[in-house]
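Q: Next comes coords-v7.json, JSON, C-alpha atoms and all ligand atoms:
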```json
[["chain", "number", "residue", "atom", "x", "y", "z"],
["T", 1188, "MET", "CA", 0.00, 0.00, 0.00],
["T", 1189, "LYS", "CA", 1.31, 3.40, -0.96],
["T", 1190, "LEU", "CA", 0.05, 6.96, -0.65],
["T", 1191, "ILE", "CA", 1.22, 10.32, -1.98],
["T", 1192, "ILE", "CA", -0.42, 13.72, -1.62],
["T", 1193, "HIS", "CA", 0.34, 17.26, -2.74],
["T", 1194, "GLY", "CA", -0.66, 20.69, -1.51],
["T", 1195, "GLY", "CA", 0.31, 23.00, -4.35],
["T", 1196, "PHE", "CA", 3.37, 25.19, -4.72],
["T", 1197, "PHE", "CA", 5.39, 27.08, -2.14],
["T", 1198, "SER", "CA", 5.78, 30.77, -2.89],
["T", 1199, "GLU", "CA", 8.62, 32.55, -1.03],
["T", 1200, "SER", "CA", 6.92, 35.89, -1.44],
["T", 1201, "SER", "CA", 3.67, 34.84, 0.11],
["T", 1202, "THR", "CA", 4.24, 31.85, 2.38],
["T", 1203, "ASN", "CA", 6.20, 32.55, 5.55],
["T", 1204, "SER", "CA", 8.15, 29.86, 7.37],
["T", 1205, "THR", "CA", 5.40, 29.41, 9.99],
["T", 1206, "THR", "CA", 2.90, 28.66, 7.26],
["T", 1207, "LYS", "CA", 5.38, 26.36, 5.55],
["T", 1208, "LEU", "CA", 5.84, 24.37, 8.76],
["T", 1209, "ALA", "CA", 2.09, 24.27, 9.34],
["T", 1210, "LYS", "CA", 1.57, 22.90, 5.83],
["T", 1211, "GLN", "CA", 4.23, 20.24, 6.34],
["T", 1212, "GLU", "CA", 2.58, 19.21, 9.61],
["T", 1213, "SER", "CA", -0.81, 19.10, 7.94],
["T", 1214, "LEU", "CA", 0.51, 16.91, 5.11],
["T", 1215, "LYS", "CA", 2.03, 14.50, 7.65],
["T", 1216, "ASN", "CA", -1.15, 14.36, 9.69],
["T", 1217, "ILE", "CA", -3.30, 13.69, 6.61],
["T", 1218, "LEU", "CA", -0.86, 11.05, 5.34],
["T", 1219, "THR", "CA", -0.88, 9.27, 8.72],
["T", 1220, "GLN", "CA", -4.67, 9.23, 9.01],
["T", 1221, "CYS", "CA", -5.24, 8.27, 5.38],
["T", 1222, "TYR", "CA", -2.60, 5.54, 5.41],
["T", 1223, "ALA", "CA", -4.38, 3.99, 8.41],
["T", 1224, "TYR", "CA", -7.67, 4.31, 6.51],
["T", 1225, "LEU", "CA", -6.11, 2.61, 3.44],
["T", 1226, "GLN", "CA", -5.52, -0.55, 5.55],
["T", 1227, "ASN", "CA", -9.19, -1.45, 5.18],
["T", 1228, "HIS", "CA", -10.50, 0.82, 2.45],
["T", 1229, "THR", "CA", -9.96, 1.04, -1.28],
["T", 1230, "ALA", "CA", -7.61, 3.41, -3.10],
["T", 1231, "LEU", "CA", -10.69, 5.21, -4.42],
["T", 1232, "GLU", "CA", -12.18, 5.75, -0.94],
["T", 1233, "THR", "CA", -8.80, 6.85, 0.38],
["T", 1234, "VAL", "CA", -8.01, 9.48, -2.25],
["T", 1235, "VAL", "CA", -11.42, 11.06, -1.64],
["T", 1236, "LEU", "CA", -10.82, 11.21, 2.11],
["T", 1237, "ALA", "CA", -7.32, 12.66, 1.65],
["T", 1238, "VAL", "CA", -8.53, 15.38, -0.71],
["T", 1239, "GLU", "CA", -11.50, 16.14, 1.56],
["T", 1240, "MET", "CA", -9.08, 16.65, 4.49],
["T", 1241, "LEU", "CA", -6.92, 18.93, 2.32],
["T", 1242, "GLU", "CA", -10.03, 20.85, 1.24],
["T", 1243, "ASN", "CA", -10.93, 21.31, 4.91],
["T", 1244, "ASP", "CA", -7.57, 22.89, 5.77],
["T", 1245, "PRO", "CA", -7.63, 26.63, 4.96],
["T", 1246, "LEU", "CA", -3.85, 26.57, 4.46],
["T", 1247, "PHE", "CA", -4.45, 25.02, 1.04],
["T", 1248, "ASN", "CA", -6.11, 26.43, -2.05],
["T", 1249, "ALA", "CA", -9.06, 24.05, -2.35],
["T", 1250, "GLY", "CA", -12.38, 23.90, -0.53],
["T", 1251, "ILE", "CA", -12.25, 26.37, 2.36],
["T", 1252, "GLY", "CA", -9.46, 28.84, 1.62],
["T", 1253, "SER", "CA", -9.97, 28.77, -2.16],
["T", 1254, "GLN", "CA", -8.85, 31.72, -4.29],
["T", 1255, "ILE", "CA", -11.31, 34.42, -5.28],
["T", 1256, "GLN", "CA", -11.96, 35.04, -8.99],
["T", 1257, "ASN", "CA", -11.92, 38.48, -10.61],
["T", 1258, "ASP", "CA", -15.63, 39.07, -10.02],
["T", 1259, "GLY", "CA", -15.22, 38.44, -6.28],
["T", 1260, "LYS", "CA", -16.64, 34.90, -6.27],
["T", 1261, "ILE", "CA", -15.05, 31.54, -5.46],
["T", 1262, "ARG", "CA", -15.49, 28.73, -7.97],
["T", 1263, "MET", "CA", -13.89, 25.36, -7.34],
["T", 1264, "SER", "CA", -13.05, 22.31, -9.45],
["T", 1265, "ALA", "CA", -12.35, 18.74, -8.42],
["T", 1266, "SER", "CA", -12.15, 15.31, -9.99],
["T", 1267, "ILE", "CA", -11.59, 11.64, -9.29],
["T", 1268, "MET", "CA", -10.43, 8.81, -11.48],
["T", 1269, "ASP", "CA", -10.78, 5.16, -10.57],
["T", 1270, "GLY", "CA", -7.89, 3.27, -12.14],
["T", 1271, "GLU", "CA", -9.84, 0.01, -12.13],
["T", 1272, "THR", "CA", -13.06, 1.04, -13.84],
["T", 1273, "LYS", "CA", -11.44, 3.99, -15.72],
["T", 1274, "LYS", "CA", -14.37, 6.12, -14.64],
["T", 1275, "PHE", "CA", -13.58, 9.82, -14.37],
["T", 1276, "SER", "CA", -15.93, 12.24, -12.63],
["T", 1277, "GLY", "CA", -15.67, 15.89, -11.75],
["T", 1278, "VAL", "CA", -17.18, 19.25, -11.00],
["T", 1279, "ILE", "CA", -15.98, 22.41, -12.72],
["T", 1280, "ASN", "CA", -16.44, 25.92, -11.31],
["T", 1281, "ILE", "CA", -18.84, 24.91, -8.55],
["T", 1282, "GLU", "CA", -19.82, 27.54, -5.94],
["T", 1283, "ASP", "CA", -21.09, 27.41, -2.35],
["T", 1284, "VAL", "CA", -20.22, 23.86, -1.34],
["T", 1285, "GLU", "CA", -17.83, 22.64, 1.34],
["T", 1286, "ASN", "CA", -16.19, 19.67, -0.37],
["T", 1287, "PRO", "CA", -16.20, 19.61, -4.18],
["T", 1288, "ILE", "CA", -14.43, 16.23, -4.11],
["T", 1289, "ARG", "CA", -17.47, 14.63, -2.41],
["T", 1290, "ILE", "CA", -19.71, 15.84, -5.23],
["T", 1291, "ALA", "CA", -17.25, 14.42, -7.78],
["T", 1292, "GLU", "CA", -17.42, 11.16, -5.81],
["T", 1293, "LYS", "CA", -21.23, 11.16, -5.95],
["T", 1294, "LEU", "CA", -21.11, 11.71, -9.73],
["T", 1295, "LEU", "CA", -19.20, 8.43, -10.17],
["T", 1296, "GLU", "CA", -22.57, 6.69, -9.73],
["T", 1297, "PHE", "CA", -24.09, 8.46, -12.76],
["T", 1298, "ASP", "CA", -23.82, 8.25, -16.54],
["T", 1299, "ASP", "CA", -23.19, 12.00, -16.80],
["T", 1300, "ARG", "CA", -20.08, 12.36, -14.70],
["T", 1301, "VAL", "CA", -18.58, 15.82, -15.29],
["T", 1302, "LEU", "CA", -20.81, 18.79, -14.47],
["T", 1303, "GLY", "CA", -20.05, 22.50, -14.66],
["T", 1304, "ALA", "CA", -21.08, 25.58, -12.71],
["T", 1305, "GLU", "CA", -24.87, 25.82, -12.23],
["T", 1306, "GLY", "CA", -25.46, 22.20, -13.27],
["T", 1307, "ALA", "CA", -22.91, 21.03, -10.72],
["T", 1308, "LEU", "CA", -24.46, 23.20, -8.01],
["T", 1309, "ASN", "CA", -28.00, 21.98, -8.81],
["T", 1310, "PHE", "CA", -26.76, 18.38, -8.66],
["T", 1311, "ALA", "CA", -25.08, 19.05, -5.30],
["T", 1312, "ARG", "CA", -28.26, 20.50, -3.81],
["T", 1313, "GLU", "CA", -30.40, 17.66, -5.21],
["T", 1314, "HIS", "CA", -28.08, 15.27, -3.39],
["T", 1315, "HIS", "CA", -28.29, 17.18, -0.12],
["T", 1316, "PHE", "CA", -24.89, 18.88, -0.07],
["T", 1317, "PRO", "CA", -25.68, 22.02, 1.99],
["T", 1318, "LYS", "CA", -24.81, 25.63, 1.14],
["T", 1319, "PHE", "CA", -21.34, 26.54, 2.41],
["T", 1320, "ASN", "CA", -19.25, 29.67, 1.92],
["T", 1321, "PRO", "CA", -15.58, 28.63, 1.47],
["T", 1322, "GLU", "CA", -14.23, 32.18, 1.73],
["T", 1323, "ILE", "CA", -11.78, 33.04, 4.52],
["T", 1324, "PRO", "CA", -10.82, 36.63, 5.47],
["T", 1325, "GLN", "CA", -7.21, 36.14, 4.26],
["T", 1326, "ARG", "CA", -8.38, 35.39, 0.70],
["T", 1327, "ARG", "CA", -10.62, 38.48, 0.74],
["T", 1328, "GLU", "CA", -7.68, 40.63, 1.89],
["T", 1329, "GLU", "CA", -5.49, 39.13, -0.87],
["T", 1330, "TYR", "CA", -8.23, 39.72, -3.39],
["T", 1331, "GLU", "CA", -8.67, 43.29, -2.30],
["T", 1332, "ALA", "CA", -4.91, 43.86, -2.42],
["T", 1333, "LYS", "CA", -4.84, 42.12, -5.81],
["T", 1334, "VAL", "CA", -2.10, 39.76, -4.63],
["T", 1335, "ALA", "CA", -2.32, 36.19, -5.88],
["T", 1336, "ALA", "CA", -0.63, 34.91, -2.76],
["T", 1337, "LEU", "CA", -1.16, 31.19, -3.25],
["T", 1338, "GLY", "CA", -2.06, 31.26, -6.90],
["T", 1339, "LEU", "CA", -0.51, 27.93, -7.80],
["T", 1340, "GLY", "CA", -1.96, 25.81, -5.06],
["T", 1341, "THR", "CA", -4.12, 22.80, -5.65],
["T", 1342, "VAL", "CA", -4.40, 19.59, -3.65],
["T", 1343, "GLY", "CA", -4.32, 15.98, -4.71],
["T", 1344, "CYS", "CA", -3.79, 12.37, -3.73],
["T", 1345, "VAL", "CA", -2.84, 9.10, -5.40],
["T", 1346, "ALA", "CA", -3.25, 5.78, -3.61],
["T", 1347, "LEU", "CA", -2.40, 2.14, -4.27],
["T", 1348, "ASP", "CA", -4.47, -0.21, -2.13],
["T", 1349, "GLN", "CA", -3.87, -3.74, -0.86],
["T", 1350, "ASN", "CA", -5.65, -5.22, -3.90],
["T", 1351, "GLY", "CA", -3.31, -3.38, -6.26],
["T", 1352, "LYS", "CA", -5.95, -0.86, -7.34],
["T", 1353, "ILE", "CA", -4.97, 2.73, -8.03],
["T", 1354, "ALA", "CA", -7.01, 5.94, -7.79],
["T", 1355, "ALA", "CA", -6.29, 9.66, -8.11],
["T", 1356, "ALA", "CA", -8.18, 12.73, -6.87],
["T", 1357, "THR", "CA", -7.49, 16.44, -7.30],
["T", 1358, "SER", "CA", -9.22, 19.61, -6.06],
["T", 1359, "THR", "CA", -8.53, 23.31, -6.60],
["T", 1360, "GLY", "CA", -9.65, 26.82, -5.79],
["T", 1361, "GLY", "CA", -8.11, 27.90, -9.11],
["T", 1362, "LYS", "CA", -5.38, 30.43, -9.98],
["T", 1363, "GLY", "CA", -6.96, 33.43, -8.31],
["T", 1364, "PHE", "CA", -8.35, 36.51, -10.12],
["T", 1365, "GLU", "CA", -9.23, 34.41, -13.16],
["T", 1366, "ILE", "CA", -11.99, 35.34, -15.60],
["T", 1367, "PRO", "CA", -15.23, 33.66, -14.46],
["T", 1368, "GLY", "CA", -15.80, 30.64, -16.69],
["T", 1369, "ARG", "CA", -12.10, 29.79, -16.96],
["T", 1370, "ILE", "CA", -11.64, 25.99, -16.82],
["T", 1371, "SER", "CA", -8.98, 24.55, -14.52],
["T", 1372, "ASP", "CA", -6.94, 21.46, -15.39],
["T", 1373, "SER", "CA", -7.95, 19.84, -12.09],
["T", 1374, "ALA", "CA", -11.18, 18.34, -13.39],
["T", 1375, "THR", "CA", -9.63, 17.16, -16.67],
["T", 1376, "ILE", "CA", -7.49, 14.15, -17.53],
["T", 1377, "ALA", "CA", -4.55, 16.54, -17.95],
["T", 1378, "GLY", "CA", -4.65, 17.27, -14.22],
["T", 1379, "ASN", "CA", -5.94, 13.99, -12.80],
["T", 1380, "PHE", "CA", -5.66, 10.50, -14.32],
["T", 1381, "ALA", "CA", -5.55, 6.88, -13.20],
["T", 1382, "ASN", "CA", -5.65, 3.48, -14.84],
["T", 1383, "GLU", "CA", -4.53, 0.01, -13.74],
["T", 1384, "PHE", "CA", -0.86, 0.92, -14.27],
["T", 1385, "CYS", "CA", -0.48, 4.39, -12.80],
["T", 1386, "GLY", "CA", -2.28, 7.27, -11.07],
["T", 1387, "VAL", "CA", -1.26, 10.93, -11.36],
["T", 1388, "SER", "CA", -2.42, 14.23, -9.78],
["T", 1389, "CYS", "CA", -1.08, 17.64, -10.86],
["T", 1390, "THR", "CA", -0.71, 21.17, -9.52],
["T", 1391, "GLY", "CA", 0.53, 24.35, -11.17],
["T", 1392, "VAL", "CA", -0.78, 26.58, -13.94],
["T", 1393, "GLY", "CA", -3.82, 24.86, -15.42],
["T", 1394, "GLU", "CA", -3.26, 26.18, -18.93],
["T", 1395, "ASP", "CA", 0.30, 24.74, -18.96],
["T", 1396, "ILE", "CA", -0.85, 21.41, -17.52],
["T", 1397, "VAL", "CA", -3.54, 21.10, -20.21],
["T", 1398, "SER", "CA", -1.08, 22.10, -22.98],
["T", 1399, "GLY", "CA", 1.30, 19.45, -21.67],
["T", 1400, "ALA", "CA", -1.47, 16.86, -21.07],
["T", 1401, "VAL", "CA", 0.66, 16.09, -18.03],
["T", 1402, "ALA", "CA", -1.26, 13.49, -15.96],
["T", 1403, "ALA", "CA", -2.57, 11.52, -18.94],
["T", 1404, "LYS", "CA", 0.81, 11.50, -20.68],
["T", 1405, "ILE", "CA", 2.69, 10.25, -17.61],
["T", 1406, "ALA", "CA", 0.15, 7.48, -16.95],
["T", 1407, "ILE", "CA", 0.00, 6.38, -20.58],
["T", 1408, "ARG", "CA", 3.78, 6.31, -20.84],
["T", 1409, "VAL", "CA", 3.94, 4.11, -17.74],
["T", 1410, "SER", "CA", 1.18, 1.90, -19.25],
["T", 1411, "ASP", "CA", 3.28, 1.57, -22.41],
["T", 1412, "GLY", "CA", 6.30, 0.37, -20.48],
["T", 1413, "PHE", "CA", 8.21, 3.48, -19.43],
["T", 1414, "GLU", "CA", 9.75, 3.45, -15.95],
["T", 1415, "ILE", "CA", 7.87, 6.01, -13.86],
["T", 1416, "ASP", "CA", 10.88, 8.37, -13.57],
["T", 1417, "LYS", "CA", 11.44, 8.25, -17.35],
["T", 1418, "ALA", "CA", 7.75, 8.96, -17.98],
["T", 1419, "PHE", "CA", 8.02, 12.04, -15.75],
["T", 1420, "ALA", "CA", 11.32, 13.13, -17.32],
["T", 1421, "LYS", "CA", 9.96, 13.03, -20.87],
["T", 1422, "THR", "CA", 6.70, 14.73, -19.93],
["T", 1423, "PHE", "CA", 8.43, 17.53, -18.01],
["T", 1424, "GLU", "CA", 10.97, 17.95, -20.83],
["T", 1425, "GLU", "CA", 8.04, 18.62, -23.13],
["T", 1426, "LEU", "CA", 6.89, 21.49, -20.87],
["T", 1427, "LYS", "CA", 10.17, 23.36, -21.33],
["T", 1428, "PRO", "CA", 9.60, 24.90, -24.80],
["T", 1429, "PHE", "CA", 6.67, 26.87, -23.42],
["T", 1430, "ASP", "CA", 8.06, 27.23, -19.87],
["T", 1431, "GLY", "CA", 5.23, 25.15, -18.45],
["T", 1432, "PHE", "CA", 4.69, 25.55, -14.71],
["T", 1433, "ALA", "CA", 3.57, 22.20, -13.29],
["T", 1434, "GLY", "CA", 4.10, 19.65, -10.57],
["T", 1435, "ALA", "CA", 2.83, 16.08, -10.40],
["T", 1436, "ILE", "CA", 2.67, 13.14, -7.99],
["T", 1437, "ALA", "CA", 2.21, 9.50, -9.01],
["T", 1438, "ILE", "CA", 2.24, 5.87, -7.96],
["T", 1439, "ASP", "CA", 2.60, 2.93, -10.36],
["T", 1440, "LYS", "CA", 1.23, -0.58, -9.93],
["T", 1441, "GLN", "CA", 4.55, -1.85, -8.55],
["T", 1442, "GLY", "CA", 4.25, 0.73, -5.77],
["T", 1443, "ASN", "CA", 6.90, 3.09, -7.12],
["T", 1444, "ILE", "CA", 6.16, 6.60, -5.86],
["T", 1445, "PHE", "CA", 7.39, 9.58, -7.85],
["T", 1446, "HIS", "CA", 7.00, 13.35, -7.96],
["T", 1447, "GLN", "CA", 8.53, 16.11, -10.03],
["T", 1448, "ASP", "CA", 7.99, 19.80, -10.56],
["T", 1449, "SER", "CA", 9.14, 22.30, -13.14],
["T", 1450, "HIS", "CA", 9.93, 24.79, -10.35],
["T", 1451, "PRO", "CA", 11.20, 22.89, -7.29],
["T", 1452, "SER", "CA", 8.77, 24.14, -4.69],
["T", 1453, "MET", "CA", 5.80, 21.78, -4.65],
["T", 1454, "PHE", "CA", 4.40, 20.75, -1.27],
["T", 1455, "TYR", "CA", 4.11, 16.98, -1.34],
["T", 1456, "GLY", "CA", 4.27, 14.12, 1.08],
["T", 1457, "SER", "CA", 4.31, 10.35, 0.73],
["T", 1458, "PHE", "CA", 4.07, 7.48, 3.17],
["T", 1459, "ASP", "CA", 4.66, 3.75, 2.70],
["T", 1460, "GLY", "CA", 3.79, 2.71, 6.26],
["T", 1461, "LYS", "CA", 7.39, 3.18, 7.46],
["T", 1462, "GLU", "CA", 8.83, 6.48, 6.32],
["T", 1463, "PHE", "CA", 7.50, 9.89, 5.46],
["T", 1464, "ASP", "CA", 8.96, 11.83, 2.58],
["T", 1465, "VAL", "CA", 7.65, 15.37, 3.01],
["T", 1466, "PHE", "CA", 8.66, 18.54, 1.14],
["T", 1467, "ASP", "CA", 11.14, 20.57, 3.17],
["I", 1501, "LIG", "N1", -4.00, 23.88, -11.27],
["I", 1501, "LIG", "C1", -5.05, 24.69, -10.84],
["I", 1501, "LIG", "C2", -5.52, 25.66, -11.82],
["I", 1501, "LIG", "O1", -4.78, 26.20, -12.61],
["I", 1501, "LIG", "O2", -6.69, 25.94, -11.80]]
```
Can you turn what I pasted into structure tokens?
A:
Amino acid sequence: MKLIIHGGFFSESSTNSTTKLAKQESLKNILTQCYAYLQNHTALETVVLAVEMLENDPLFNAGIGSQIQNDGKIRMSASIMDGETKKFSGVINIEDVENPIRIAEKLLEFDDRVLGAEGALNFAREHHFPKFNPEIPQRREEYEAKVAALGLGTVGCVALDQNGKIAAATSTGGKGFEIPGRISDSATIAGNFANEFCGVSCTGVGEDIVSGAVAAKIAIRVSDGFEIDKAFAKTFEELKPFDGFAGAIAIDKQGNIFHQDSHPSMFYGSFDGKEFDVFD
């Protein structure tokens, strides 16, 4: 059993050392609780729990604490992919809910599995997800000061369970100050992908991640026989011509855990039941 999570990028200009330490502690705490949960739950159930816990921590840019868009509203995106069934589900630009990842999880049961904006919100209400305002005062102050303090943060998790199944989940509050209607990578297969060979979750600039088809490319390369590190190396090499800003975490079916970023400042943490490897 293996687990890796990420919490977006570290920005020197906006994240002081106290916040950095708090994020590291949070990653460790979530890894510990979710690894225990993975003992008797599936990879799919575990990635949802991990992302829900990350969404509930205002230190990260997903769920509560999400960035505010340029019209003053928060819109969030989240997705899940089950590596066994290949089902992908997601919500794009959803407002006024606490945990977008739980709505993505609910959508896995339906034929129509990716919903946007109003449709996603209507679905959430029909399925009894209550109204929730994810705005925190710090984000409002940043918005008013027009400072995109945590603009590259997103959260994600990849898990490999005891039956060898893989799942990936990703959730974001977006870039901050974006044009309403802008689509994040986080609820696309560029930002979140899993199959029976590999699961990948990304963070960074959504437009670059989509241009680089990052998560899907890494997973497909691993499926086609690349070693996981080589799949990352080739995919990140392909981001260079357009200076793509991205980070990704992954686990393959042999339990190899890997992460890479184009700018070495991604918050990540992994746990194999013995040792933590947490961004420092
Ligand atoms: N990766 C998050 C976003 O660009 O929306």
Q: Looking at T:Lys1421, T:Lys1189, T:Lys1210, T:Lys1273, which one is nearest to Tyr1455 (chain T), with distances taken over all atoms listed in the file?
A: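 The answer is T:Lys1210, which sits nearest to Tyr1455 (chain T).
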Q: Of the candidates T:Arg1369, T:Asp1395, T:Gly1456, T:Pro1245, which shows the shortest atom-to-atom distance to Glu1322 (chain T), using all atoms listed in the file?
A: T:Pro1245
Q: List as a compact mmCIF listing (two decimals) with C-alpha atoms, keeping the file's coordinate frame the protein and nucleic acid residues lying within 7 Å of ligand LIG 1501 (chain I), with only C-alpha atoms and all ligand atoms counted.
A:
```
# COMPACT_ATOMS: atom_id res chain seq x y z
CA LEU T 1339 -0.51 27.93 -7.80
CA GLY T 1340 -1.96 25.81 -5.06
CA THR T 1341 -4.12 22.80 -5.65
CA THR T 1359 -8.53 23.31 -6.60
CA GLY T 1360 -9.65 26.82 -5.79
CA GLY T 1361 -8.11 27.90 -9.11
CA LYS T 1362 -5.38 30.43 -9.98
CA SER T 1371 -8.98 24.55 -14.52
CA ASP T 1372 -6.94 21.46 -15.39
CA SER T 1373 -7.95 19.84 -12.09
CA CYS T 1389 -1.08 17.64 -10.86
CA THR T 1390 -0.71 21.17 -9.52
CA GLY T 1391 0.53 24.35 -11.17
CA VAL T 1392 -0.78 26.58 -13.94
CA GLY T 1393 -3.82 24.86 -15.42
CA GLU T 1394 -3.26 26.18 -18.93
```
Q: Ranking T:Val1278, T:Ile1192, T:Ala1437, T:Val1301 by minimum distance to Asn1216 (chain T) and counting all atoms listed in the file, which one comes first?
A: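 Nearest candidate to Asn1216 (chain T) out of T:Val1278, T:Ile1192, T:Ala1437, T:Val1301: T:Ile1192.
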Q: Per residue of region 1265-1343 of chain T within 10 Å of region 1232-1242 of chain T, what are the shortest atom pair and its distance in Å to one decimal, counting only C-alpha atoms, with rows by chain and residue number, as a Markdown table?
A:
```
| residue | atom | partner | partner_atom | distance |
| --- | --- | --- | --- | --- |
| T:Ala1265 | CA | T:Val1238 | CA | 9.2 |
| T:Ser1266 | CA | T:Val1235 | CA | 9.4 |
| T:Ile1267 | CA | T:Val1235 | CA | 7.7 |
| T:Met1268 | CA | T:Val1234 | CA | 9.6 |
| T:Asp1269 | CA | T:Glu1232 | CA | 9.7 |
| T:Glu1285 | CA | T:Glu1242 | CA | 8.0 |
| T:Asn1286 | CA | T:Glu1239 | CA | 6.2 |
| T:Pro1287 | CA | T:Glu1239 | CA | 8.2 |
| T:Ile1288 | CA | T:Glu1239 | CA | 6.4 |
| T:Arg1289 | CA | T:Val1235 | CA | 7.1 |
| T:Ala1291 | CA | T:Val1235 | CA | 9.1 |
| T:Glu1292 | CA | T:Val1235 | CA | 7.3 |
| T:Pro1321 | CA | T:Glu1242 | CA | 9.6 |
| T:Thr1341 | CA | T:Glu1242 | CA | 9.3 |
| T:Val1342 | CA | T:Leu1241 | CA | 6.5 |
| T:Gly1343 | CA | T:Val1238 | CA | 5.8 |
```
Q: So that I can see what lies close to Ile1261 (chain T), please list as an MDAnalysis selection string the residues with an atom at most 10 Å from it, counting only C-alpha atoms and leaving out residues fewer than 6 positions away in the same chain.
A: chainID T and resid 1250:1255 1280:1283 1320:1322 1326 1360:1361 1363:1364 1367
Q: Please measure the separation of CA of Ala1332 (chain T) and CA of Ala1249 (chain T), giving the value in Å to one decimal.
A: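 If I compute the distance from CA of Ala1332 (chain T) to CA of Ala1249 (chain T), I get 20.2 Å.
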Q: From the options T:Thr1375, T:Asn1227, T:Ser1276, T:Gln1211, which residue's atoms come nearest to Leu1302 (chain T), counting only C-alpha atoms?
A: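 For Leu1302 (chain T), the nearest of the candidates is T:Ser1276.
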Q: Given the choices T:Gly1378, T:Gly1195, T:Gly1431, T:Gly1368, which gets closest to Ala1356 (chain T) if the distance is worked out from only C-alpha atoms?
A: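 Residue with the minimum atom-to-atom distance to Ala1356 (chain T): T:Gly1378.
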Q: In Å, how far is it from CA of Tyr1224 (chain T) to CA of Leu1190 (chain T)?
A: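 Pair CA of Tyr1224 (chain T) / CA of Leu1190 (chain T) returns 10.9 Å.
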Q: Figure out the distance between CA of Ile1279 (chain T) and CA of Asn1382 (chain T), please, to one decimal in Å.
A: 21.7 Å
Q: For Gln1441 (chain T), list every protein, DNA or RNA residue within 10 Å, evaluated using only C-alpha atoms, and leave out those in the same chain fewer than 6 positions away; present the list as a VMD selection string.
A: chain T and resid 1188 to 1189 1347 1351 1384 to 1385
Q: Taking 6 positions as the minimum chain separation for residues in the same chain, which residues sit within 10 Å of Thr1206 (chain T) when counting all atoms listed in the file? Answer as an mmCIF file with C-alpha atoms, in the frame of the given file.
A:
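And here is the file that came out, around.cif:
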```cif
data_model
loop_
_atom_site.group_PDB
_atom_site.id
_atom_site.type_symbol
_atom_site.label_atom_id
_atom_site.label_comp_id
_atom_site.auth_asym_id
_atom_site.auth_seq_id
_atom_site.Cartn_x
_atom_site.Cartn_y
_atom_site.Cartn_z
ATOM 1 C CA PHE T 1197 5.390 27.080 -2.140
ATOM 2 C CA GLU T 1212 2.580 19.210 9.610
ATOM 3 C CA LEU T 1246 -3.850 26.570 4.460
#
```
Q: Around the point (-26.3, 22.6, 0.9) in the file's coordinates, collect all residues with an atom within 12 Å, using only C-alpha atoms, and return them as number ranges by chain.
A: T: 1282-1287, 1290, 1308-1320
Q: For region 1413-1417 of chain T, work out the shell of residues within 9 Å, counting only C-alpha atoms and skipping chain neighbours fewer than 5 positions away, then give it as a VMD selection string.
A: chain T and resid 1385 1405 to 1408 1422 1437 to 1439 1443 to 1447
Q: Under the rule that only C-alpha atoms are counted, which of T:Phe1275, T:Phe1247, T:Phe1429, T:Tyr1222 is the nearest residue to Leu1295 (chain T)?
A: T:Phe1275
